[in-house]
Amino acid sequence: MKRRPGSLLTVALPLLLVALLVQLQAVAATKYTLNWNYPNYQNYFSNWNRGNNYAVGDSIEFVYNAEAHDVVKVSYAEFKDCFTSALPSTSGATVFPLEQTGMHYFICTIPGHCQAGMQLAINVL
């Protein structure tokens, strides 16, 4: 089999470019950190959220008192109802990768907390 000149370069160059683009996307990702404790004023979380431009590859970290709060990612219906049967995270520092576009919803499942405003809706573009 005769090898054509430049055939290795023709295959390797596109692969190298793809690897470089993947690396650049990882470098460009943003980690948003939210103080996820009982809001000290109405609309605290929606005000914190204002101006953030979330993208696929970013992540959001919820930092909170694990003895008083938790966090769980929920559906829109669960967000609206402030109820889920899903198990929440109780670590005190929970990171959720934002892996797809669209709306993402989070609540605290401690009784009364979501109803008092401990919920967050974000739109990943």
# chains A, B, ... in the order shown; residues from 1 in each chain; ligands from 1

call {"tool": "residues_around", "arguments": {"residues": "segment 49-66 of chain A", "least_positions_apart": "6", "cutoff": "8 Å", "atoms": "only C-alpha atoms", "output": "PyMOL selection string"}}
result
chain A and resi 25-26+29-37+90-101+122-125

call {"tool": "select_by_dssp", "arguments": {"residues": "segment 37-113 of chain A", "states": "strand (DSSP E)", "output": "compact mmCIF listing (two decimals) with N, CA, C and O atoms, in the first residue's frame"}}
result
# COMPACT_ATOMS: atom_id res chain seq x y z
N SER A 59 -20.47 25.89 35.96
CA SER A 59 -21.02 25.18 37.11
C SER A 59 -21.47 26.19 38.15
O SER A 59 -21.05 27.34 38.13
N ILE A 60 -22.34 25.74 39.03
CA ILE A 60 -22.80 26.59 40.13
C ILE A 60 -22.57 25.85 41.43
O ILE A 60 -22.91 24.67 41.56
N GLU A 61 -21.92 26.54 42.37
CA GLU A 61 -21.64 25.95 43.68
C GLU A 61 -22.52 26.63 44.72
O GLU A 61 -22.54 27.85 44.82
N PHE A 62 -23.25 25.82 45.46
CA PHE A 62 -24.07 26.29 46.56
C PHE A 62 -23.28 26.08 47.85
O PHE A 62 -22.93 24.94 48.17
N VAL A 63 -23.00 27.14 48.57
CA VAL A 63 -22.27 27.06 49.84
C VAL A 63 -23.27 27.43 50.93
O VAL A 63 -23.89 28.50 50.88
N VAL A 72 -31.20 20.80 46.17
CA VAL A 72 -31.48 19.74 45.22
C VAL A 72 -31.92 20.39 43.91
O VAL A 72 -32.59 21.42 43.91
N LYS A 73 -31.52 19.78 42.81
CA LYS A 73 -31.96 20.21 41.49
C LYS A 73 -33.30 19.55 41.22
O LYS A 73 -33.45 18.34 41.43
N VAL A 74 -34.28 20.34 40.74
CA VAL A 74 -35.63 19.84 40.58
C VAL A 74 -36.21 20.22 39.22
O VAL A 74 -35.64 21.03 38.49
N ALA A 93 -21.40 22.33 50.65
CA ALA A 93 -20.80 22.91 49.44
C ALA A 93 -21.08 21.95 48.29
O ALA A 93 -20.41 20.94 48.15
N THR A 94 -22.09 22.27 47.51
CA THR A 94 -22.55 21.37 46.45
C THR A 94 -22.37 22.05 45.10
O THR A 94 -22.85 23.16 44.90
N VAL A 95 -21.71 21.34 44.18
CA VAL A 95 -21.48 21.88 42.84
C VAL A 95 -22.34 21.12 41.85
O VAL A 95 -22.35 19.89 41.83
N PHE A 96 -23.07 21.88 41.03
CA PHE A 96 -23.86 21.31 39.95
C PHE A 96 -23.26 21.75 38.62
O PHE A 96 -23.22 22.96 38.34
N PRO A 97 -22.78 20.83 37.80
CA PRO A 97 -22.31 21.21 36.46
C PRO A 97 -23.51 21.56 35.59
O PRO A 97 -24.56 20.92 35.68
N GLY A 102 -31.00 25.60 28.61
CA GLY A 102 -32.37 25.61 29.13
C GLY A 102 -32.41 25.99 30.60
O GLY A 102 -31.40 26.37 31.20
N MET A 103 -33.59 25.89 31.16
CA MET A 103 -33.81 26.28 32.55
C MET A 103 -33.37 25.16 33.51
O MET A 103 -33.56 23.97 33.21
N HIS A 104 -32.79 25.57 34.62
CA HIS A 104 -32.37 24.67 35.69
C HIS A 104 -32.95 25.23 36.99
O HIS A 104 -32.87 26.43 37.23
N TYR A 105 -33.49 24.35 37.84
CA TYR A 105 -34.19 24.78 39.04
C TYR A 105 -33.60 24.11 40.27
O TYR A 105 -33.29 22.92 40.25
N PHE A 106 -33.49 24.89 41.35
CA PHE A 106 -32.91 24.40 42.60
C PHE A 106 -33.76 24.89 43.77
O PHE A 106 -34.25 26.02 43.75
N ILE A 107 -33.90 24.03 44.79
CA ILE A 107 -34.64 24.43 45.99
C ILE A 107 -33.95 23.89 47.24
O ILE A 107 -33.15 22.94 47.17

call {"tool": "closest_residue", "arguments": {"among": "A:Gly117, A:Thr109, A:Ser75, A:Phe83", "to": "Tyr41 of chain A", "atoms": "only C-alpha atoms"}}
result
A:Gly117

call {"tool": "atom_distance", "arguments": {"atom1": "atom CA of Glu67 of chain A", "atom2": "atom CA of His113 of chain A"}}
result
13.4 Å

call {"tool": "closest_residue", "arguments": {"among": "A:Phe79, A:Gln42, A:Ala68, A:Asn47", "to": "Ala116 of chain A", "atoms": "only C-alpha atoms"}}
result
A:Gln42

call {"tool": "residues_around", "arguments": {"residues": "Gly112 of chain A", "least_positions_apart": "6", "cutoff": "12 Å", "atoms": "only C-alpha atoms", "output": "short mmCIF file (atom, residue, chain, number, x, y, z; two decimals) with C-alpha atoms, in the first residue's frame"}}
result
data_model
loop_
_atom_site.label_atom_id
_atom_site.label_comp_id
_atom_site.auth_asym_id
_atom_site.auth_seq_id
_atom_site.Cartn_x
_atom_site.Cartn_y
_atom_site.Cartn_z
CA TYR A 38 -31.69 31.76 54.39
CA ALA A 68 -29.67 24.25 58.52
CA HIS A 69 -30.06 23.87 54.74
CA ASP A 81 -44.68 23.47 44.26
CA CYS A 82 -41.59 23.73 46.51
CA PHE A 83 -41.68 19.95 46.86
CA MET A 118 -34.84 29.58 49.01
CA GLN A 119 -35.19 28.62 45.38
#

call {"tool": "atom_distance", "arguments": {"atom1": "atom CA of Phe45 of chain A", "atom2": "atom CA of Pro111 of chain A"}}
result
18.0 Å
